[in-house]
>>> print(open('data.txt').read())   # compact mmCIF, C-alpha atoms
# COMPACT_ATOMS: atom_id res chain seq x y z
CA MET A 8 83.65 27.41 20.99
CA ASP A 9 81.09 24.71 21.59
CA LEU A 10 83.86 22.18 21.93
CA ILE A 11 85.56 24.20 24.66
CA LEU A 12 82.31 24.50 26.57
CA ASP A 13 81.69 20.78 26.22
CA ILE A 14 85.16 19.94 27.48
CA ALA A 15 84.72 22.33 30.41
CA THR A 16 81.40 20.69 31.26
CA TRP A 17 83.00 17.24 31.11
CA VAL A 18 85.81 18.29 33.41
CA LEU A 19 83.53 20.01 35.91
CA LEU A 20 80.98 17.22 36.02
CA LEU A 21 83.65 14.54 36.31
CA ALA A 22 85.31 16.41 39.17
CA GLY A 23 81.91 16.79 40.85
CA SER A 24 81.18 13.09 40.44
CA ALA A 25 84.56 12.12 41.85
CA LEU A 26 83.95 14.43 44.82
CA LEU A 27 80.52 12.87 45.36
CA LEU A 28 82.01 9.38 45.36
CA ILE A 29 84.66 10.50 47.86
CA THR A 30 81.85 11.95 49.98
CA GLY A 31 79.99 8.65 49.96
CA LEU A 32 83.18 6.85 50.87
CA GLY A 33 83.84 9.32 53.66
CA LEU A 34 80.36 8.85 55.07
CA LEU A 35 81.14 5.15 55.31
CA ARG A 36 84.69 4.97 56.54
CA LEU A 37 85.24 7.96 58.82
CA PRO A 38 85.21 7.02 62.49
CA ASP A 39 82.63 9.22 64.21
CA LEU A 40 79.70 11.53 63.63
CA TYR A 41 81.55 14.83 63.65
CA THR A 42 84.07 13.79 61.02
CA ARG A 43 81.21 12.43 58.93
CA ILE A 44 79.59 15.86 59.07
CA HIS A 45 82.72 17.22 57.39
CA ALA A 46 82.39 14.61 54.67
CA GLY A 47 78.75 15.46 54.16
CA GLY A 48 79.61 19.13 53.96
CA MET A 49 81.86 18.36 51.02
CA ALA A 50 78.88 17.20 48.94
CA ASP A 51 76.90 20.24 50.01
CA THR A 52 79.49 22.75 48.92
CA LEU A 53 82.03 22.02 46.23
CA ALA A 54 80.31 19.07 44.54
CA THR A 55 77.09 21.06 44.18
CA PHE A 56 79.04 24.06 42.94
CA LEU A 57 81.01 22.09 40.34
CA ILE A 58 78.06 20.13 38.97
CA PHE A 59 75.70 23.07 38.70
CA VAL A 60 78.32 25.35 37.20
CA GLY A 61 79.05 22.59 34.69
CA LEU A 62 75.37 22.35 33.83
CA SER A 63 74.97 26.11 33.53
CA LEU A 64 77.78 26.18 30.96
CA GLN A 65 75.58 24.02 28.77
CA SER A 66 72.46 26.14 29.15
CA GLY A 67 74.14 29.45 28.35
CA PHE A 68 72.73 32.76 29.57
CA SER A 69 69.08 32.08 30.18
CA LEU A 70 66.56 31.63 32.95
CA VAL A 71 67.87 28.11 33.40
CA SER A 72 71.32 29.27 34.46
CA VAL A 73 69.73 31.78 36.83
CA LYS A 74 67.79 28.94 38.41
CA LEU A 75 70.95 26.87 38.72
CA LEU A 76 72.64 29.78 40.45
CA LEU A 77 69.68 30.14 42.79
CA VAL A 78 69.86 26.46 43.72
CA ILE A 79 73.55 26.91 44.53
CA VAL A 80 72.81 29.97 46.65
CA PHE A 81 69.99 28.21 48.52
CA ILE A 82 72.13 25.17 49.26
CA PHE A 83 75.04 27.36 50.38
CA PHE A 84 72.74 29.21 52.74
CA THR A 85 70.87 26.27 54.17
CA SER A 86 73.49 23.53 54.43
CA PRO A 87 75.66 25.12 57.15
CA THR A 88 72.56 25.80 59.21
CA ALA A 89 71.52 22.16 58.96
CA SER A 90 75.06 20.97 59.77
CA TYR A 91 75.27 23.31 62.74
CA ALA A 92 71.88 22.18 64.05
CA LEU A 93 72.92 18.56 63.69
CA ALA A 94 76.30 19.04 65.39
CA GLN A 95 74.77 21.11 68.16
CA ALA A 96 71.92 18.67 68.80
CA SER A 97 74.28 15.72 69.02
CA PHE A 98 76.68 17.68 71.23
CA VAL A 99 73.90 18.69 73.60
CA ALA A 100 72.73 15.07 73.65
CA GLY A 101 76.17 14.12 74.96
CA LEU A 102 77.76 12.50 71.95
CA LYS A 103 81.50 12.93 72.44
CA PRO A 104 83.75 13.35 69.44
CA LYS A 105 86.68 11.01 69.03
CA LEU A 106 89.79 13.08 69.51
CA ASP A 107 93.30 11.77 69.48
CA GLY A 108 94.96 14.95 70.67
CA PHE A 109 93.11 15.04 73.99
CA GLY A 110 93.83 11.98 76.09
CA ASP A 111 91.60 13.13 78.95
CA ARG A 112 88.50 13.26 76.79
CA ASP A 113 85.98 10.46 76.80
CA GLN A 114 86.83 8.23 73.85
CA THR A 115 83.75 6.04 73.87
CA LYS A 116 80.70 6.74 71.84
CA GLU A 117 77.53 7.03 73.83
CA ASP A 118 74.15 6.43 72.36
CA ALA A 119 71.93 9.45 72.51
CA MET B 1 61.35 51.92 53.05
CA LYS B 2 62.58 48.43 53.84
CA THR B 3 59.19 47.06 52.86
CA ILE B 4 59.56 48.60 49.42
CA SER B 5 63.02 47.18 48.93
CA LEU B 6 61.80 43.78 50.11
CA PHE B 7 59.00 44.01 47.55
CA LEU B 8 61.49 44.84 44.82
CA VAL B 9 63.73 41.91 45.75
CA LEU B 10 60.75 39.53 45.83
CA MET B 11 59.58 40.84 42.49
CA ALA B 12 63.01 40.35 40.92
CA VAL B 13 63.18 36.76 42.18
CA TRP B 14 59.66 36.11 40.95
CA LEU B 15 60.41 37.45 37.49
CA LEU B 16 63.58 35.38 37.26
CA LEU B 17 61.91 32.18 38.37
CA SER B 18 58.64 32.40 36.51
CA GLY B 19 59.49 32.59 32.81
CA HIS B 20 55.85 33.30 31.90
CA TYR B 21 55.23 36.93 31.04
CA THR B 22 51.57 37.12 30.04
CA PRO B 23 49.70 39.99 31.75
CA LEU B 24 47.50 37.71 33.86
CA ILE B 25 50.36 35.64 35.31
CA THR B 26 52.53 38.68 35.91
CA GLY B 27 49.58 40.33 37.65
CA PHE B 28 49.31 37.33 39.95
CA GLY B 29 53.02 37.67 40.66
CA VAL B 30 52.74 41.35 41.54
CA VAL B 31 49.79 40.69 43.83
CA SER B 32 51.48 37.82 45.64
CA CYS B 33 54.72 39.76 46.13
CA LEU B 34 52.73 42.72 47.43
CA LEU B 35 50.86 40.44 49.81
CA SER B 36 54.08 38.86 51.09
CA ALA B 37 55.67 42.25 51.68
CA LEU B 38 52.56 43.50 53.50
CA ILE B 39 52.37 40.40 55.70
CA ALA B 40 56.07 40.70 56.52
CA TYR B 41 55.49 44.36 57.38
CA ARG B 42 52.61 43.49 59.69
CA MET B 43 54.61 40.69 61.32
CA ASP B 44 57.35 43.22 61.96
CA VAL B 45 60.08 40.89 60.71
CA ILE B 46 61.69 43.36 58.29
CA ASP B 47 64.49 44.64 60.47
CA HIS B 48 68.16 44.92 59.69
CA GLU B 49 68.56 41.21 60.44
CA GLY B 50 65.75 39.86 58.31
CA HIS B 51 66.55 42.00 55.31
CA PRO B 52 70.26 42.83 55.47
CA ILE B 53 70.49 44.82 52.27
CA TYR B 54 72.76 47.40 53.90
CA LEU B 55 75.69 44.98 53.73
CA GLY B 56 75.79 45.85 50.06
CA PRO B 57 78.55 44.80 47.71
CA ARG B 58 81.07 44.05 50.45
CA ILE B 59 79.38 40.74 51.18
CA ILE B 60 79.71 39.76 47.51
CA PHE B 61 83.48 40.18 47.74
CA TYR B 62 83.44 38.19 50.95
CA TRP B 63 81.53 35.41 49.21
CA GLY B 64 84.10 35.36 46.43
CA TRP B 65 86.87 34.93 48.98
CA LEU B 66 84.81 32.27 50.79
CA VAL B 67 84.37 30.21 47.61
CA GLY B 68 88.15 30.16 47.23
CA GLU B 69 88.53 28.97 50.80
CA ILE B 70 85.89 26.28 50.20
CA PHE B 71 87.90 25.01 47.21
CA LYS B 72 91.05 24.63 49.29
CA ALA B 73 89.24 23.10 52.25
CA ASN B 74 87.44 20.58 50.05
CA ILE B 75 90.71 19.28 48.63
CA ASP B 76 91.95 18.98 52.21
CA VAL B 77 88.95 16.96 53.32
CA ALA B 78 89.04 14.77 50.22
CA LYS B 79 92.67 13.88 50.98
CA CYS B 80 91.63 13.18 54.53
CA VAL B 81 88.88 10.79 53.44
CA LEU B 82 91.16 8.93 51.06
CA PHE B 83 94.08 8.61 53.51
CA PRO B 84 92.60 8.88 57.00
CA LYS B 85 95.62 7.41 58.74
CA LYS B 86 97.89 10.12 57.44
CA PHE B 87 95.76 13.25 57.68
CA LEU B 88 92.92 12.67 60.13
CA ARG B 89 93.67 14.67 63.29
CA PRO B 90 90.34 15.72 64.78
CA SER B 91 90.39 18.39 67.45
CA MET B 92 87.96 20.58 69.27
CA PHE B 93 88.62 24.06 70.56
CA THR B 94 87.00 27.40 71.31
CA VAL B 95 87.67 30.66 69.52
CA VAL B 96 86.32 34.10 70.33
CA ALA B 97 84.27 35.88 67.69
CA SER B 98 85.12 39.56 67.58
CA GLN B 99 81.81 40.65 65.99
CA LYS B 100 79.43 42.71 68.10
CA SER B 101 76.11 41.99 66.45
CA ASP B 102 74.30 38.68 66.32
CA LEU B 103 74.17 38.80 62.54
CA GLY B 104 77.95 39.13 62.31
CA ARG B 105 78.43 36.18 64.61
CA VAL B 106 75.98 34.10 62.63
CA ILE B 107 77.79 34.97 59.40
CA TYR B 108 81.08 33.99 61.01
CA ALA B 109 79.79 30.70 62.45
CA ASN B 110 78.05 29.79 59.22
CA SER B 111 81.21 30.53 57.25
CA ILE B 112 83.15 28.22 59.54
CA THR B 113 80.59 25.49 59.03
CA LEU B 114 80.37 26.06 55.29
CA THR B 115 84.09 25.47 54.94
CA PRO B 116 84.46 21.69 55.05
CA GLY B 117 86.91 20.51 57.65
CA THR B 118 85.58 22.81 60.33
CA VAL B 119 82.13 22.66 61.92
CA THR B 120 80.70 25.02 64.51
CA VAL B 121 79.40 22.87 67.32
CA ASP B 122 78.27 25.53 69.77
CA LEU B 123 77.77 29.27 69.56
CA ASP B 124 77.40 30.90 72.93
CA ASP B 125 77.55 34.71 73.00
CA ASP B 126 80.96 35.33 71.48
CA LYS B 127 82.50 31.93 72.12
CA VAL B 128 82.47 29.65 69.12
CA MET B 129 83.23 26.00 69.70
CA VAL B 130 84.72 24.48 66.59
CA HIS B 131 85.36 20.88 65.62
CA ALA B 132 88.19 20.65 63.10
CA MET B 133 89.25 17.66 61.09
CA THR B 134 92.90 18.28 60.34
CA THR B 135 95.59 20.35 61.97
CA GLY B 136 95.64 22.58 58.89
CA SER B 137 91.96 23.44 59.07
CA ALA B 138 92.21 24.00 62.83
CA ASP B 139 95.08 26.42 62.35
CA GLY B 140 93.10 28.19 59.63
CA VAL B 141 90.33 29.02 62.09
CA LYS B 142 92.70 29.82 64.97
CA GLY B 143 94.61 32.21 62.73
CA GLY B 144 91.54 34.45 62.68
CA ASP B 145 91.71 35.51 59.04
CA MET B 146 88.03 34.75 58.46
CA ASP B 147 87.11 36.50 61.72
CA ARG B 148 88.79 39.72 60.59
CA ARG B 149 87.15 39.57 57.19
CA VAL B 150 83.66 39.12 58.64
CA THR B 151 84.27 42.02 61.01
CA LYS B 152 85.30 44.11 58.04
CA VAL B 153 82.15 43.14 56.15
CA MET B 154 80.04 44.18 59.14
CA ARG B 155 82.08 47.42 59.44
CA GLU B 156 82.62 46.97 63.16
CA THR B 157 86.32 47.33 63.61
CA MET C 10 75.38 13.79 26.32
CA MET C 11 77.07 10.86 27.93
CA ILE C 12 78.54 12.84 30.78
CA TYR C 13 75.09 13.42 32.25
CA ALA C 14 74.53 9.68 32.49
CA ILE C 15 77.96 9.19 34.08
CA THR C 16 77.26 11.90 36.64
CA ALA C 17 73.84 10.46 37.39
CA ILE C 18 75.37 7.03 38.00
CA ALA C 19 78.02 8.55 40.28
CA ILE C 20 75.29 10.33 42.25
CA LEU C 21 73.33 7.09 42.56
CA ILE C 22 76.38 5.21 43.85
CA SER C 23 77.00 7.99 46.32
CA ILE C 24 73.37 7.80 47.47
CA ALA C 25 73.77 4.05 47.93
CA LEU C 26 76.84 4.60 50.12
CA ALA C 27 75.00 7.19 52.20
CA LEU C 28 72.08 4.78 52.51
CA THR C 29 74.45 2.12 53.81
CA ARG C 30 75.56 4.56 56.48
CA ALA C 31 71.91 5.26 57.31
CA ILE C 32 71.29 1.55 57.79
CA LEU C 33 74.51 0.93 59.75
CA GLY C 34 74.56 4.23 61.63
CA PRO C 35 75.16 3.63 65.33
CA THR C 36 73.26 6.73 66.46
CA SER C 37 70.14 8.43 65.17
CA TYR C 38 72.19 11.52 64.37
CA ASP C 39 74.18 9.51 61.85
CA ARG C 40 70.91 8.57 60.21
CA ILE C 41 69.75 12.20 60.09
CA LEU C 42 73.09 13.17 58.56
CA SER C 43 72.68 10.48 55.91
CA ALA C 44 69.13 11.59 55.20
CA ASN C 45 70.33 15.17 54.78
CA ALA C 46 73.17 14.08 52.49
CA ILE C 47 70.80 11.95 50.42
CA GLY C 48 68.51 14.95 50.09
CA THR C 49 71.32 17.15 48.78
CA LYS C 50 72.35 14.46 46.34
CA THR C 51 68.77 14.11 45.18
CA VAL C 52 68.76 17.81 44.34
CA LEU C 53 71.84 17.22 42.20
CA LEU C 54 70.24 14.14 40.65
CA ILE C 55 67.08 16.04 39.72
CA GLY C 56 69.14 18.78 38.08
CA VAL C 57 71.26 16.32 36.10
CA MET C 58 68.25 14.24 35.09
CA GLY C 59 66.55 17.38 33.84
CA PHE C 60 69.44 18.00 31.51
CA LEU C 61 69.64 14.31 30.58
CA ALA C 62 66.00 14.33 29.54
CA GLY C 63 66.38 17.69 27.83
CA ARG C 64 63.84 19.31 30.13
CA PRO C 65 65.53 21.93 32.31
CA ASP C 66 62.14 22.70 33.89
CA PHE C 67 63.11 20.05 36.41
CA LEU C 68 65.20 22.72 38.10
CA ASP C 69 62.09 24.16 39.73
CA LEU C 70 61.64 20.83 41.45
CA ALA C 71 65.30 20.87 42.51
CA LEU C 72 64.84 24.33 43.99
CA VAL C 73 61.81 23.28 46.00
CA TYR C 74 63.46 20.03 47.04
CA ALA C 75 66.49 21.87 48.42
CA LEU C 76 64.26 23.97 50.66
CA VAL C 77 62.03 21.09 51.74
CA ASN C 78 65.10 19.00 52.57
CA PHE C 79 66.48 21.78 54.76
CA ILE C 80 63.22 22.31 56.61
CA GLY C 81 62.71 18.58 57.04
CA THR C 82 66.14 18.14 58.59
CA LEU C 83 65.56 21.02 60.98
CA ALA C 84 62.12 19.72 61.93
CA VAL C 85 63.43 16.24 62.75
CA LEU C 86 66.31 17.71 64.76
CA LYS C 87 63.99 19.98 66.68
CA TYR C 88 61.75 17.03 67.44
CA PHE C 89 64.77 15.07 68.69
CA LYS C 90 65.98 17.88 70.87
CA PHE C 91 62.75 18.95 72.51
CA GLY C 92 60.48 15.96 72.02
CA THR C 93 57.84 18.19 70.48
CA LEU C 94 57.41 20.48 67.53
CA ARG C 95 55.68 23.16 69.57
CA GLY C 96 57.41 26.07 71.23
CA THR C 97 60.42 28.11 70.27
CA LEU C 98 64.01 27.08 69.74
CA SER C 99 65.20 29.50 72.42
CA LYS C 100 63.92 27.25 75.19
CA PRO C 101 66.84 26.02 77.29
CA ALA C 102 67.85 22.50 76.35
CA ASP C 103 67.72 20.45 79.53
CA ASN C 104 66.60 17.05 78.36
CA SER C 105 70.00 15.70 77.43
>>> encode(input="data.txt", output="structure tokens")
Amino acid sequence: MDLILDIATWVLLLAGSALLLITGLGLLRLPDLYTRIHAGGMADTLATFLIFVGLSLQSGFSLVSVKLLLVIVFIFFTSPTASYALAQASFVAGLKPKLDGFGDRDQTKEDA
Amino acid sequence: MKTISLFLVLMAVWLLLSGHYTPLITGFGVVSCLLSALIAYRMDVIDHEGHPIYLGPRIIFYWGWLVGEIFKANIDVAKCVLFPKKFLRPSMFTVVASQKSDLGRVIYANSITLTPGTVTVDLDDDKVMVHAMTTGSADGVKGGDMDRRVTKVMRET
Amino acid sequence: MMIYAITAIAILISIALALTRAILGPTSYDRILSANAIGTKTVLLIGVMGFLAGRPDFLDLALVYALVNFIGTLAVLKYFKFGTLRGTLSKPADNS
């Protein structure tokens, strides 16, 4: 039983780590701010979920797993609000997204 | 009535987080929760928006569905980061939110943002401007599945 | 367990990548995004380190850090948008 839990923790944490590395890569190589927000959202959602669920498997049913769940809930509530505020602020400031489907849109990036 | 339920929720969270159950500490907890509930009552912030307990178990089911969507969307975005040339097709468009109340619209817009691959850029009355990363994620929002589910959660069909 | 150390190292590398973006970032919004991402990753790091050190009490810190990170991001964005921290967010945005 313990072995199964350990293996599950390994798998979940490794998947979370891989997702975090992909997030870091995405923050670096994606072309403009809005696509980078998507990459950042990946770390906020699934990576957090995987890592904390993996940790809560190790702690069993206790106050610790409740706290882990609460951290997940808090991050799931707050991260879209922060992303929305960021996207909205940059949009209002006139930062145009790079789109390849709309030729008439402004393709250059303007400094806010 | 809502003040009492707010107090109970606060108390439950306090008990879960504290882990110390000596009479003195628990007494402090009760007093602080009572104080918070009273202040919230005096500030008049306990309305159906600030304390949406009436949504009940339906929102739990919605969250379950949302976690599944987040799984799929994350794999999408991860592919997109690894092979940007092949998958990256950013687009921006406006959809109409069918919810009547502000809370429903906020739940809808936040769900869009929480799903990686789509970010709400602007929320103006019932028009939601969405930035999507791939054609798949854009179609997912345009299809309106999430919109219908949120409307169902809010019971506003 | 070893996996905690591996995860912690992955989180640190990810933080380093986000920090590179914060240094390179062409606009200030890129930098705020990186700061927000680093904050989220720090929450993860605190949780994993708590388990690595065998002291899950660290999770209280993670909980508080998640909330502080959120409020900090919003405060900086509000300051950027309105140039002040006073007033309400419902003021029309005309200083673009």
>>> interface_residues(input="data.txt", of="chain C", to="chain A", cutoff="7 Å", atoms="all atoms listed in the file", output="list of chain:residue names")
C:Ile12, C:Thr16, C:Ala19, C:Ile20, C:Ser23, C:Leu26, C:Ala27, C:Arg30, C:Thr36, C:Tyr38, C:Asp39, C:Ala46, C:Thr49, C:Leu53, C:Pro65, C:Leu68, C:Leu72, C:Ala75, C:Phe79, C:Thr82, C:Leu83, C:Leu86, C:Lys90, C:Ser105
>>> atom_distance(input="data.txt", atom1="CA of Ser5 in chain B", atom2="CA of Ser63 in chain A")
28.7 Å
>>> interface_residues(input="data.txt", of="chain B", to="chain A", cutoff="8 Å", atoms="all atoms listed in the file", output="list in words")
Leu16, Leu17, Gly19, Ile70, Phe71, Asn74, Val77, Ala78, Val81, Leu82, Pro84, Arg89, Pro90, Ser91, Met92, Asn110, Ser111, Thr113, Leu114, Thr115, Pro116, Gly117, Thr118, Val119, Thr120, Val121, Asp122, His131 and Met133 of chain B
>>> atom_distance(input="data.txt", atom1="CA of Asp125 in chain B", atom2="CA of Ala97 in chain B")
8.6 Å
>>> atom_distance(input="data.txt", atom1="CA of Lys86 in chain B", atom2="CA of Thr135 in chain B")
11.4 Å
>>> closest_residue(input="data.txt", among="B:Val67, B:Phe7, B:Leu38, B:Gly27", to="Leu57 in chain A", atoms="only C-alpha atoms")
B:Val67
>>> axis_aligned_box(input="data.txt", around="range 19-26 of chain C", padding_each_side="4 Å", output="lines of an AutoDock Vina configuration file")
center_x = 75.7
center_y = 7.2
center_z = 45.2
size_x = 12.7
size_y = 14.3
size_z = 17.8
>>> closest_residue(input="data.txt", among="C:Val85, C:Met10, C:Ala25, C:Ala17", to="Met58 in chain C", atoms="all atoms listed in the file")
C:Ala17
>>> residues_around(input="data.txt", residues="Tyr62 in chain B", least_positions_apart="6", cutoff="9 Å", atoms="only C-alpha atoms", output="PyMOL selection string")
chain B and resi 149-150+153
>>> closest_residue(input="data.txt", among="B:Val128, B:Ala138, B:Trp63, B:Val13", to="Leu88 in chain B", atoms="all atoms listed in the file")
B:Ala138
>>> closest_residue(input="data.txt", among="B:Leu8, B:Asp147, B:Ser18, B:Gly64", to="chain C", atoms="all atoms listed in the file")
B:Ser18
>>> decode(input="data.txt", residues="range 122-155 of chain B", atoms="N, CA and C atoms", output="short mmCIF file (atom, residue, chain, number, x, y, z; two decimals), in the first residue's frame")
data_model
loop_
_atom_site.label_atom_id
_atom_site.label_comp_id
_atom_site.auth_asym_id
_atom_site.auth_seq_id
_atom_site.Cartn_x
_atom_site.Cartn_y
_atom_site.Cartn_z
N ASP B 122 -11.17 41.56 -21.54
CA ASP B 122 -12.06 42.65 -21.17
C ASP B 122 -13.45 42.09 -20.92
N LEU B 123 -14.06 42.59 -19.86
CA LEU B 123 -15.43 42.16 -19.54
C LEU B 123 -16.27 43.41 -19.43
N ASP B 124 -17.13 43.61 -20.44
CA ASP B 124 -17.93 44.82 -20.48
C ASP B 124 -19.39 44.42 -20.62
N ASP B 125 -20.17 44.66 -19.56
CA ASP B 125 -21.55 44.18 -19.50
C ASP B 125 -21.62 42.70 -19.84
N ASP B 126 -22.17 42.34 -21.00
CA ASP B 126 -22.22 40.91 -21.28
C ASP B 126 -21.28 40.52 -22.41
N LYS B 127 -20.41 41.44 -22.81
CA LYS B 127 -19.46 41.09 -23.87
C LYS B 127 -18.12 40.73 -23.22
N VAL B 128 -17.65 39.55 -23.54
CA VAL B 128 -16.41 39.06 -22.98
C VAL B 128 -15.39 38.99 -24.11
N MET B 129 -14.31 39.76 -23.97
CA MET B 129 -13.27 39.69 -24.99
C MET B 129 -12.23 38.65 -24.56
N VAL B 130 -11.96 37.72 -25.42
CA VAL B 130 -11.14 36.57 -25.06
C VAL B 130 -9.92 36.53 -25.97
N HIS B 131 -8.77 36.28 -25.37
CA HIS B 131 -7.56 36.01 -26.16
C HIS B 131 -7.29 34.52 -26.06
N ALA B 132 -7.25 33.85 -27.20
CA ALA B 132 -7.04 32.40 -27.21
C ALA B 132 -5.71 32.10 -27.88
N MET B 133 -5.14 30.99 -27.49
CA MET B 133 -3.79 30.67 -27.94
C MET B 133 -3.78 29.75 -29.15
N THR B 134 -4.67 28.79 -29.17
CA THR B 134 -4.72 27.87 -30.30
C THR B 134 -6.12 27.91 -30.89
N THR B 135 -6.26 27.36 -32.10
CA THR B 135 -7.59 27.32 -32.68
C THR B 135 -8.52 26.43 -31.87
N GLY B 136 -7.94 25.36 -31.28
CA GLY B 136 -8.77 24.44 -30.48
C GLY B 136 -9.36 25.13 -29.28
N SER B 137 -8.52 25.90 -28.55
CA SER B 137 -9.05 26.56 -27.35
C SER B 137 -10.04 27.65 -27.74
N ALA B 138 -9.80 28.33 -28.88
CA ALA B 138 -10.75 29.35 -29.31
C ALA B 138 -12.10 28.73 -29.62
N ASP B 139 -12.06 27.59 -30.33
CA ASP B 139 -13.33 26.94 -30.65
C ASP B 139 -14.04 26.47 -29.39
N GLY B 140 -13.25 26.05 -28.38
CA GLY B 140 -13.86 25.59 -27.14
C GLY B 140 -14.69 26.68 -26.49
N VAL B 141 -14.18 27.93 -26.52
CA VAL B 141 -14.95 29.02 -25.92
C VAL B 141 -16.12 29.40 -26.81
N LYS B 142 -15.86 29.45 -28.14
CA LYS B 142 -16.94 29.86 -29.05
C LYS B 142 -18.09 28.87 -29.04
N GLY B 143 -17.76 27.58 -28.76
CA GLY B 143 -18.81 26.57 -28.73
C GLY B 143 -19.85 26.83 -27.65
N GLY B 144 -19.45 27.52 -26.57
CA GLY B 144 -20.42 27.93 -25.56
C GLY B 144 -20.81 26.85 -24.57
N ASP B 145 -20.02 25.78 -24.49
CA ASP B 145 -20.35 24.73 -23.53
C ASP B 145 -20.23 25.26 -22.10
N MET B 146 -19.11 25.95 -21.82
CA MET B 146 -18.88 26.49 -20.49
C MET B 146 -19.95 27.51 -20.13
N ASP B 147 -20.33 28.35 -21.10
CA ASP B 147 -21.35 29.35 -20.89
C ASP B 147 -22.65 28.71 -20.41
N ARG B 148 -23.06 27.64 -21.09
CA ARG B 148 -24.31 26.97 -20.70
C ARG B 148 -24.20 26.38 -19.31
N ARG B 149 -23.02 25.81 -19.01
CA ARG B 149 -22.89 25.19 -17.69
C ARG B 149 -22.95 26.22 -16.57
N VAL B 150 -22.30 27.38 -16.79
CA VAL B 150 -22.35 28.42 -15.76
C VAL B 150 -23.78 28.91 -15.58
N THR B 151 -24.49 29.07 -16.69
CA THR B 151 -25.88 29.51 -16.59
C THR B 151 -26.70 28.50 -15.80
N LYS B 152 -26.39 27.22 -16.00
CA LYS B 152 -27.11 26.20 -15.27
C LYS B 152 -26.79 26.25 -13.79
N VAL B 153 -25.51 26.52 -13.47
CA VAL B 153 -25.14 26.63 -12.06
C VAL B 153 -25.88 27.79 -11.41
N MET B 154 -26.00 28.91 -12.14
CA MET B 154 -26.68 30.08 -11.58
C MET B 154 -28.19 29.93 -11.64
N ARG B 155 -28.69 28.89 -12.25
CA ARG B 155 -30.14 28.63 -12.40
C ARG B 155 -30.85 29.81 -13.05
#
